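Participant: This one is structure33.cif, mmCIF, C-alpha atoms and all ligand atoms.
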data_start
loop_
_atom_site.label_atom_id
_atom_site.label_comp_id
_atom_site.auth_asym_id
_atom_site.auth_seq_id
_atom_site.Cartn_x
_atom_site.Cartn_y
_atom_site.Cartn_z
CA MET A 1 1.30 -0.43 -17.81
CA TRP A 2 3.99 -1.97 -15.65
CA PHE A 3 7.70 -1.30 -15.60
CA ASP A 4 10.24 -3.99 -14.72
CA SER A 5 12.77 -2.29 -12.44
CA HIS A 6 15.15 -5.29 -12.42
CA PHE A 7 15.57 -7.40 -15.53
CA HIS A 8 18.71 -9.40 -16.37
CA GLY A 9 16.67 -11.50 -18.70
CA ASP A 10 16.80 -13.14 -22.00
CA PHE A 11 17.51 -10.45 -24.53
CA ALA A 12 16.37 -12.66 -27.40
CA GLU A 13 13.00 -12.99 -25.72
CA ILE A 14 12.52 -9.22 -25.85
CA ASP A 15 13.82 -9.12 -29.41
CA SER A 16 11.28 -11.71 -30.47
CA GLN A 17 8.50 -9.77 -28.68
CA GLN A 18 7.64 -12.67 -26.38
CA THR A 19 6.63 -10.15 -23.80
CA SER A 20 3.46 -8.09 -23.31
CA PRO A 21 2.06 -4.73 -24.43
CA ASP A 22 1.25 -4.10 -20.75
CA ILE A 23 4.96 -3.92 -19.96
CA SER A 24 6.25 -0.43 -20.64
CA GLY A 25 9.95 -1.10 -20.21
CA PHE A 26 12.68 -2.51 -18.05
CA LEU A 27 15.83 -1.45 -16.27
CA VAL A 28 18.85 -3.67 -16.89
CA PRO A 29 21.39 -3.84 -14.06
CA ALA A 30 24.80 -5.27 -14.85
CA ALA A 31 26.13 -7.80 -12.37
CA ASP A 32 29.49 -8.98 -13.69
CA PRO A 33 31.75 -6.13 -14.94
CA GLN A 34 32.78 -8.41 -17.83
CA HIS A 35 29.23 -7.86 -19.14
CA TRP A 36 29.05 -4.08 -18.77
CA GLN A 37 29.55 -3.43 -22.47
CA ARG A 38 26.93 -5.99 -23.41
CA VAL A 39 24.41 -4.37 -21.05
CA ILE A 40 25.16 -0.90 -22.42
CA HIS A 41 24.78 -2.15 -25.98
CA TYR A 42 21.57 -4.02 -25.30
CA ALA A 43 19.85 -1.34 -23.21
CA THR A 44 20.82 1.41 -25.63
CA LYS A 45 19.54 -0.60 -28.56
CA HIS A 46 16.16 -0.96 -26.84
CA GLN A 47 16.23 2.59 -25.45
CA GLN A 48 15.93 1.28 -21.91
CA PRO A 49 17.72 2.46 -18.75
CA TYR A 50 20.61 0.48 -17.33
CA ALA A 51 22.82 0.33 -14.25
CA LEU A 52 26.49 -0.56 -13.89
CA GLY A 53 28.16 -1.98 -10.83
CA VAL A 54 29.91 -4.95 -9.28
CA HIS A 55 27.40 -7.45 -7.87
CA PRO A 56 28.34 -8.75 -4.39
CA TRP A 57 28.98 -12.20 -5.89
CA TRP A 58 31.62 -10.68 -8.16
CA VAL A 59 33.41 -8.58 -5.55
CA ASP A 60 36.99 -9.80 -5.86
CA ALA A 61 40.50 -8.31 -5.94
CA GLN A 62 39.62 -6.12 -8.90
CA TRP A 63 36.36 -4.53 -7.77
CA ARG A 64 37.97 -1.19 -6.95
CA ASP A 65 39.61 -0.94 -10.39
CA TRP A 66 36.30 -1.69 -12.05
CA LEU A 67 34.54 0.97 -10.02
CA THR A 68 37.17 3.59 -10.81
CA SER A 69 36.68 2.97 -14.52
CA LEU A 70 32.87 2.74 -14.44
CA PRO A 71 31.63 4.35 -17.68
CA VAL A 72 29.44 7.47 -17.55
CA GLY A 73 25.94 7.42 -19.02
CA CYS A 74 24.24 4.83 -16.83
CA ASN A 75 20.94 5.57 -15.04
CA ALA A 76 21.92 4.00 -11.72
CA ILE A 77 24.86 2.45 -9.88
CA GLY A 78 24.51 -1.28 -9.28
CA GLU A 79 23.94 -3.96 -8.87
CA THR A 80 25.79 -3.78 -5.59
CA GLY A 81 24.76 -4.85 -2.08
CA LEU A 82 25.23 -7.59 0.49
CA ASP A 83 24.77 -11.34 0.42
CA ALA A 84 25.36 -13.28 3.63
CA LEU A 85 25.12 -16.59 1.77
CA LYS A 86 27.74 -16.05 -0.91
CA GLY A 87 31.11 -14.29 -1.13
CA ASP A 88 33.29 -12.26 1.25
CA PHE A 89 30.89 -10.26 3.43
CA ALA A 90 33.47 -7.78 4.79
CA LEU A 91 34.62 -6.99 1.26
CA GLN A 92 31.00 -6.64 0.13
CA ILE A 93 30.41 -3.97 2.80
CA GLU A 94 33.46 -2.06 1.59
CA SER A 95 32.34 -2.34 -2.01
CA PHE A 96 28.73 -1.37 -1.19
CA LYS A 97 29.94 1.81 0.53
CA ALA A 98 32.15 2.67 -2.45
CA HIS A 99 29.20 2.17 -4.82
CA ILE A 100 27.06 4.51 -2.69
CA GLU A 101 29.81 7.13 -2.68
CA LEU A 102 30.14 6.90 -6.46
CA ALA A 103 26.35 7.20 -6.85
CA GLN A 104 26.37 10.31 -4.68
CA ALA A 105 29.24 11.82 -6.65
CA ARG A 106 27.29 11.26 -9.89
CA ASP A 107 23.88 12.08 -8.40
CA LEU A 108 22.47 8.66 -9.31
CA PRO A 109 20.37 6.09 -7.42
CA VAL A 110 21.79 2.79 -6.19
CA ILE A 111 20.47 -0.71 -6.96
CA ALA A 112 21.14 -3.04 -4.05
CA HIS A 113 20.93 -6.81 -3.79
CA CYS A 114 20.30 -8.05 -0.25
CA VAL A 115 20.17 -11.65 0.92
CA ARG A 116 19.95 -12.46 4.64
CA ALA A 117 21.53 -9.08 5.44
CA VAL A 118 18.74 -6.49 5.74
CA PRO A 119 19.89 -5.13 9.16
CA GLU A 120 23.48 -4.79 7.91
CA LEU A 121 22.28 -3.12 4.71
CA ILE A 122 20.15 -0.63 6.65
CA GLU A 123 23.12 0.10 8.90
CA VAL A 124 25.32 1.00 5.92
CA ILE A 125 22.59 3.06 4.21
CA SER A 126 21.97 5.02 7.41
CA GLN A 127 25.56 6.28 7.19
CA TYR A 128 24.69 8.03 3.91
CA PRO A 129 21.63 10.17 4.61
CA ASN A 130 21.54 11.74 1.16
CA CYS A 131 21.79 8.59 -0.92
CA ARG A 132 18.77 7.04 -2.59
CA GLY A 133 18.14 3.69 -4.20
CA VAL A 134 16.17 0.47 -4.32
CA VAL A 135 16.64 -2.78 -2.41
CA HIS A 136 15.72 -5.19 -5.14
CA ALA A 137 13.99 -8.52 -4.37
CA PHE A 138 13.28 -7.15 -0.91
CA ASN A 139 12.50 -9.98 1.49
CA GLY A 140 12.47 -8.29 4.90
CA ASN A 141 9.69 -7.32 7.28
CA VAL A 142 7.36 -4.33 7.55
CA ASN A 143 9.57 -2.41 10.00
CA GLN A 144 12.61 -2.82 7.81
CA ALA A 145 10.64 -1.73 4.73
CA ARG A 146 9.46 1.38 6.57
CA GLN A 147 12.99 2.20 7.74
CA LEU A 148 14.25 2.04 4.18
CA ILE A 149 11.38 4.14 2.84
CA GLU A 150 11.97 6.76 5.53
CA MET A 151 15.58 6.97 4.39
CA GLY A 152 14.40 7.72 0.86
CA TRP A 153 14.87 4.19 -0.46
CA TYR A 154 12.44 1.95 -2.33
CA ILE A 155 11.83 -1.77 -2.11
CA GLY A 156 11.69 -3.98 -5.21
CA ILE A 157 8.92 -6.59 -5.15
CA GLY A 158 9.07 -9.59 -7.49
CA GLY A 159 8.32 -13.31 -7.71
CA LEU A 160 9.00 -13.95 -4.01
CA VAL A 161 5.69 -12.31 -3.09
CA THR A 162 3.70 -14.90 -5.06
CA TYR A 163 4.68 -17.76 -2.73
CA PRO A 164 1.72 -18.42 -0.41
CA ASN A 165 3.95 -19.25 2.56
CA ASN A 166 5.97 -16.02 2.30
CA LYS A 167 3.67 -14.41 4.86
CA ARG A 168 6.19 -11.82 6.00
CA LEU A 169 6.64 -10.29 2.55
CA ARG A 170 2.93 -10.51 1.77
CA GLU A 171 2.27 -8.51 4.93
CA VAL A 172 4.72 -5.84 3.76
CA VAL A 173 2.88 -5.52 0.45
CA LYS A 174 -0.51 -5.49 2.18
CA GLN A 175 0.51 -2.60 4.39
CA LEU A 176 2.40 -0.49 1.87
CA LYS A 177 -0.21 -0.63 -0.93
CA GLY A 178 2.41 0.52 -3.43
CA GLU A 179 4.04 3.17 -1.23
CA GLY A 180 7.81 3.05 -1.60
CA MET A 181 7.57 0.06 -3.95
CA LEU A 182 8.77 -0.88 -7.41
CA LEU A 183 7.95 -4.08 -9.30
CA GLU A 184 10.52 -6.36 -10.88
CA THR A 185 11.04 -9.85 -12.29
CA ASP A 186 14.81 -10.35 -11.76
CA ALA A 187 14.43 -12.62 -14.80
CA PRO A 188 15.85 -15.18 -15.43
CA SER A 189 15.98 -15.68 -11.62
CA LEU A 190 13.27 -15.68 -8.94
CA LYS A 191 10.39 -17.07 -10.97
CA PRO A 192 6.89 -16.77 -9.49
CA TYR A 193 5.10 -19.59 -7.70
CA ASN A 194 3.96 -22.32 -10.09
CA TRP A 195 5.75 -20.71 -13.03
CA PRO A 196 5.64 -23.34 -15.79
CA LEU A 197 9.14 -22.80 -17.16
CA GLU A 198 12.61 -23.46 -15.85
CA HIS A 199 13.63 -19.80 -16.10
CA ASN A 200 11.81 -16.65 -15.20
CA GLN A 201 10.71 -14.37 -18.05
CA ALA A 202 9.83 -10.72 -18.65
CA LYS A 203 6.09 -11.45 -18.76
CA ALA A 204 6.17 -12.73 -15.16
CA LEU A 205 5.89 -9.05 -14.25
CA LEU A 206 2.14 -9.33 -14.94
CA VAL A 207 1.84 -12.18 -12.41
CA VAL A 208 3.65 -10.09 -9.80
CA ALA A 209 1.45 -7.05 -10.51
CA ASP A 210 -1.73 -9.15 -10.20
CA GLU A 211 -0.57 -10.62 -6.93
CA VAL A 212 0.35 -7.23 -5.47
CA CYS A 213 -3.09 -5.84 -6.42
CA ASP A 214 -4.79 -8.87 -4.82
CA ILE A 215 -2.81 -8.72 -1.59
CA SER A 216 -3.03 -4.97 -1.13
CA GLY A 217 -6.61 -4.54 -2.34
CA VAL A 218 -5.61 -1.76 -4.73
CA THR A 219 -6.86 -1.53 -8.33
CA PRO A 220 -4.33 -1.96 -11.14
CA GLN A 221 -4.94 1.67 -12.18
CA VAL A 222 -4.18 3.06 -8.73
CA LEU A 223 -1.21 0.75 -8.20
CA SER A 224 0.40 1.53 -11.54
CA GLN A 225 -0.03 5.26 -10.94
CA THR A 226 1.67 4.98 -7.55
CA LEU A 227 4.48 2.86 -8.97
CA ASN A 228 5.03 5.19 -11.91
CA ASN A 229 5.39 8.10 -9.50
CA ASN A 230 7.92 6.07 -7.52
CA LEU A 231 9.89 5.32 -10.69
CA ALA A 232 9.86 8.95 -11.69
CA ASN A 233 11.10 10.00 -8.25
CA LEU A 234 13.89 7.47 -8.08
CA PHE A 235 15.15 7.15 -11.65
CA ASN A 236 13.69 10.25 -13.32
CA LEU A 237 11.92 7.86 -15.71
ZN ZN B 1 19.95 -8.70 -10.05
#
In structure tokens, write the structure found in this file.
Ligand SMILES: [Zn+2]
Facilitator:
Amino acid sequence: MWFDSHFHGDFAEIDSQQTSPDISGFLVPAADPQHWQRVIHYATKHQQPYALGVHPWWVDAQWRDWLTSLPVGCNAIGETGLDALKGDFALQIESFKAHIELAQARDLPVIAHCVRAVPELIEVISQYPNCRGVVHAFNGNVNQARQLIEMGWYIGIGGLVTYPNNKRLREVVKQLKGEGMLLETDAPSLKPYNWPLEHNQAKALLVVADEVCDISGVTPQVLSQTLNNNLANLFNL
């Protein structure tokens, strides 16, 4: 059984059961605060965990107001983080820190997005020794993965690892063998290599799991046990 730790996907797809019995559940992070209520409604209806936050792409003049009014009851704070390719980076750092502080105040983990900013992300996290979380769609190197894991963080592995020329990430997975890792789809984004459809889907989690087993030489049983322990540690799931 595999758990999708990052699913923004097509709710109708889950409703129509176009998924798999090998997928035990999914965590739904909200990105745009305008959609918080929809995420709460959807996740609650399916009895799945959810996270609330202001995604770095949506960090604007109102992010602080949103954060102050963030509803209680979520399982994690996010999606927050840093994206060097989109948005106001200085504001994103400010917002990321505020998300971490809120997570600490509520004793919750953080879900972080990180594009072309792993060193900057690690620098911020290192200022908060007691915070915990996951860097979703991690795409850094082995040293960076180890630094995050040593700080009590996890790395989210998804479709990016299935691309044969992503040697850096494949090396990370080969060395970690599930340690400090969670699996995710990030559906409808980040579809696996050779995925036949335009959008990513929930069932792509099985492709990711297969690939991680292949690369790391670990059996599905051992990998899923390790990952379930990681989930339990981070999210109390
Ligand atoms: Zn996301």
Participant: Distance cut-off 10 Å, centre (1.4, -7.9, -14.3) in file coordinates, counting all atoms listed in the file: which residues qualify? Return them as a tab-separated table (two decimals) with C-alpha atoms, in the coordinates of the input.
Facilitator:
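selection15.tsv, freshly written:
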chain	number	residue	atom	x	y	z
A	1	MET	CA	1.30	-0.43	-17.81
A	2	TRP	CA	3.99	-1.97	-15.65
A	3	PHE	CA	7.70	-1.30	-15.60
A	4	ASP	CA	10.24	-3.99	-14.72
A	20	SER	CA	3.46	-8.09	-23.31
A	22	ASP	CA	1.25	-4.10	-20.75
A	23	ILE	CA	4.96	-3.92	-19.96
A	183	LEU	CA	7.95	-4.08	-9.30
A	184	GLU	CA	10.52	-6.36	-10.88
A	202	ALA	CA	9.83	-10.72	-18.65
A	203	LYS	CA	6.09	-11.45	-18.76
A	204	ALA	CA	6.17	-12.73	-15.16
A	205	LEU	CA	5.89	-9.05	-14.25
A	206	LEU	CA	2.14	-9.33	-14.94
A	207	VAL	CA	1.84	-12.18	-12.41
A	208	VAL	CA	3.65	-10.09	-9.80
A	209	ALA	CA	1.45	-7.05	-10.51
A	210	ASP	CA	-1.73	-9.15	-10.20
A	211	GLU	CA	-0.57	-10.62	-6.93
A	212	VAL	CA	0.35	-7.23	-5.47
A	213	CYS	CA	-3.09	-5.84	-6.42
A	220	PRO	CA	-4.33	-1.96	-11.14
A	224	SER	CA	0.40	1.53	-11.54
Participant: Using all atoms listed in the file, determine which residues lie at most 7 Å from A:Arg132, disregarding the query and same-chain residues fewer than 5 positions distant; provide the list as a PyMOL selection string.
Facilitator: chain A and resi 109-110+152-153
Participant: Ligand ZN 1 (chain B): which residues are within 10 Å, counting all atoms listed in the file, as a ChimeraX atom specification?
Facilitator: /A:5-9,28-31,55,78-80,111-114,136-137,184-190
Participant: Between A:Phe11, A:Trp57, A:Gly133, A:Trp66, which residue has the minimum interatomic distance to A:Lys86, considering all atoms listed in the file?
Facilitator: A:Trp57
Participant: Which one of A:Trp58, A:Tyr154, A:Tyr163, A:Tyr193 sits closest to A:Asn229 if you count only C-alpha atoms?
Facilitator: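 Smallest separation from A:Asn229 among the options: A:Tyr154.
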Participant: Pick the closest to A:Ser126 from A:Asn143, A:Leu70, A:Val218, A:Lys97: which is it, counting all atoms listed in the file?
Facilitator: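 Using all atoms listed in the file, A:Ser126 sits closest to A:Lys97.
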Participant: Quick one, how far is atom CA of A:His99 from atom CA of A:Ile77?
Facilitator: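 Atom-to-atom, atom CA of A:His99 to atom CA of A:Ile77, that is 6.7 Å.
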Participant: May I ask which of the residues A:Gln34, A:Gln48, A:Asn141, A:Asn200 is the closest one to A:Gly158, counting only C-alpha atoms?
Facilitator: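 Closest candidate: A:Asn200.
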Participant: Between atom CA of A:Asn139 and atom CA of A:Pro119, what is the distance, to one decimal in Å?
Facilitator: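 Taking atom CA of A:Asn139 as the start and atom CA of A:Pro119 as the end point, the length is 11.7 Å.
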Participant: So, with all atoms listed in the file as the atoms that count, which of A:Cys74, A:Gln47, A:Phe138, A:Val39 lies closest to A:Ser24?
Facilitator: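 When distances to A:Ser24 are compared using all atoms listed in the file, the smallest one comes from A:Gln47.
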Participant: Taking the point (1.5, -3.6, 2.9) as given in the file, collect each protein or nucleic acid residue that comes within 12 Å of it, counting all atoms listed in the file, and present the set as a PyMOL selection string.
Facilitator: chain A and resi 141-143+145-146+155+157+161+167-181+212-218
Participant: What does the structure give for the distance between atom CA of A:Leu27 and atom CA of A:Pro49, in Å to one decimal?
Facilitator: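 Here the two named atoms are 5.0 Å from each other.
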Participant: When you count all atoms listed in the file, which of these residues is closest to A:Gly25: A:Tyr50, A:Leu91, A:His199, A:Ala98?
Facilitator: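 Using all atoms listed in the file, A:Gly25 sits closest to A:Tyr50.
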